[in-house]
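Asker: Could you have a look at this structure, given as structure tokens, before my questions?
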Amino acid sequence: LDSLSKNSKKGGELQSYALVMKVFHMIDVLLLPILMFRPVSGFLYQQASTKKARTTKSLVLFMSSSSSSESTASSPVSTTTVIKVLALHGSGGNGEEFRQKLQPVRDYMLAQQHPVELNIHAPTAPFVKEGSSDGYCWWTMEAGARSFTAKEYIGFQESSQLVLENMHDDCDLVVAHSQGAILMAALLGLNVITQHNPRVGYILNGVAWPNPYTKELSSLQDVGDTTIRTLFLMGQADKINPMESAKQVRQSFLSRGADYCDVTTHEHTGGHSFPARDDASLQVIADWILKGISS
């Protein structure tokens with residue numbers, strides 16, 4: 001019995017020892033690869049992290065590009081409207097000179113939220129201004145006469161023909177200054193431009209009463225279903241053509257009623273020159289042109 005007991009104890013110890021050894025072996029099996037390959041695992045983790053970073057960066061760039069594209073696609077594209085302009089200079093000027101003076105107006109219109117390009121055609125009057133080498137006029141008068149006092153405009157018919165030839169059917173706007181504005185007022189009074197009435201209208205700066213055509217301008221005739229849009233620009237310090245004379249022309253338009261004439265008036269603090277560098281005047285001109293285009 002003592003021998004059996006001793007053998008039993010010894011067998012139990014052996015089993016316990018075997019169990020402990022098995023546990024250590026399992027730990028060794030589990031830990032040894034980790035301990036051996038820890039640098040490799042770190043390298044693999046670094047590679048995976050780098051790849052993830054690149055993927056993330058590419059995704060960010062793609063999203064940024066897509067967002068930019070969507071933003072560009074969703075942003076409204078401004079389309080420039082081109083209108084054809086006939087510009088008539090004043091006495092002593094010429095076509096190219098007046099065209100250059102209107103450059104600030106062109107720049108201002110292009111800077112609008114809805115850009116408008118003024119395609120300006122500026123013919124030069126047929127008569128040389130007396131005492132000038134590069135100045136021209138639309139007519140001549142007797143000595144000492146002014147356009148608002150003269151009894152006759154010598155050469156008016158020739159100038160009228162020249163203007164009518166340049167007022168093509170696709171003319172959208174007439175911008176006339178001083179003697180050019182008087183010429184246009186007279187032509188409207190004579191009712192000879194009905195078929196060429198520009199859709200945007202007329203801008204008359206520094207206009208005066210065309211005295212030889214008082215009768216015609218005092219009884220303006222209707223032009224069918226067409227309404228004449230006119231913007232009068234008047235300089236409060238104009239010493240060449242007084243504002244009173246310009247207001248007389250405006251009144252002849254107003255007397256025909258809104259169905260015939262859509263009249264707008266802007267008085268600026270300047271003189272006789274076209275107010276191309278006056279911010280307030282530029283804004284009035286821009287608003288008036290844009291309204292004419294949209295109507």
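Simple scheme: letters A, B, ... for chains in structure tokens order, numbers from 1 for residues in each chain, numbers from 1 for ligands in the order shown.
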Quick one: everything within 10 Å of Ala185 in chain A, counting only C-alpha atoms, minus sequence neighbours fewer than 2 positions away in the same chain. Send it as number ranges by chain.
Answerer: A: 176, 179-183, 187-191, 202, 204, 207-210, 213, 217, 249-250, 253
Asker: What residues in range 57-261 of chain A get the DSSP label alpha helix (DSSP H)? Please answer as a ChimeraX atom specification.
Answerer: /A:57-74,95-101,103-110,156-166,179-190,214-218,243-254
Asker: Rank nothing, just name the residue among A:Phe127, A:Asp134, A:Val174, A:Val284 nearest to Ile154 in chain A, using only C-alpha atoms.
Answerer: A:Phe127
Asker: Show me, as a list in words, the residues that have an atom within 8 Å of range 111-121 of chain A when counting only C-alpha atoms, minus same-chain residues fewer than 2 positions from it.
Answerer: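 Counting only the stated atoms, we get Ser78, Thr79, Thr80, Thr81, Val82, Ile83, Lys84, Val85, Leu86, Ala87, Arg99, Arg106, Asp107, Tyr108, Met109 and Pro123 of chain A.
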Asker: Could you please take those selected residues and save C-alpha atoms as an mmCIF file, in the first residue's frame?
Answerer:
```cif
data_model
loop_
_atom_site.group_PDB
_atom_site.id
_atom_site.type_symbol
_atom_site.label_atom_id
_atom_site.label_comp_id
_atom_site.auth_asym_id
_atom_site.auth_seq_id
_atom_site.Cartn_x
_atom_site.Cartn_y
_atom_site.Cartn_z
ATOM 1 C CA SER A 78 -21.975 85.590 -67.174
ATOM 2 C CA THR A 79 -22.736 86.076 -70.838
ATOM 3 C CA THR A 80 -21.647 89.326 -72.437
ATOM 4 C CA THR A 81 -24.336 91.108 -74.427
ATOM 5 C CA VAL A 82 -23.054 92.973 -77.463
ATOM 6 C CA ILE A 83 -24.986 96.018 -78.673
ATOM 7 C CA LYS A 84 -24.193 98.157 -81.691
ATOM 8 C CA VAL A 85 -23.848 101.847 -80.995
ATOM 9 C CA LEU A 86 -23.888 104.809 -83.369
ATOM 10 C CA ALA A 87 -21.946 107.696 -81.797
ATOM 11 C CA ARG A 99 -15.096 107.107 -79.585
ATOM 12 C CA ARG A 106 -17.447 100.952 -72.434
ATOM 13 C CA ASP A 107 -15.275 99.852 -69.507
ATOM 14 C CA TYR A 108 -18.060 100.537 -67.022
ATOM 15 C CA MET A 109 -20.576 98.484 -68.987
ATOM 16 C CA PRO A 123 -18.517 108.441 -88.195
#
```
Asker: Could you give me, as a ChimeraX atom specification, the residues within 12 Å of range 270-277 of chain A, counting only C-alpha atoms and dropping anything in the same chain fewer than 5 positions from it?
Answerer: /A:87-91,93,98-109,175-181,203-208,232-243,246,282-286
Asker: Output as a tab-separated table one row per residue of range 199-254 of chain A within 10 Å of range 162-171 of chain A: the closest atom pair and its distance in Å to one decimal place, counting only C-alpha atoms, sorted by chain and residue number ascending.
Answerer:
```
residue	atom	partner	partner_atom	distance
A:Arg199	CA	A:Cys171	CA	7.9
A:Val200	CA	A:Cys171	CA	8.9
A:Gly201	CA	A:Cys171	CA	9.6
```
Asker: Check the DSSP output for the backbone and give back, as an MDAnalysis selection string, the residues of range 123-263 of chain A in strand (DSSP E or B).
Answerer: chainID A and resid 127:128 136:137 140 154 173:177 201:205 228:235 261:263
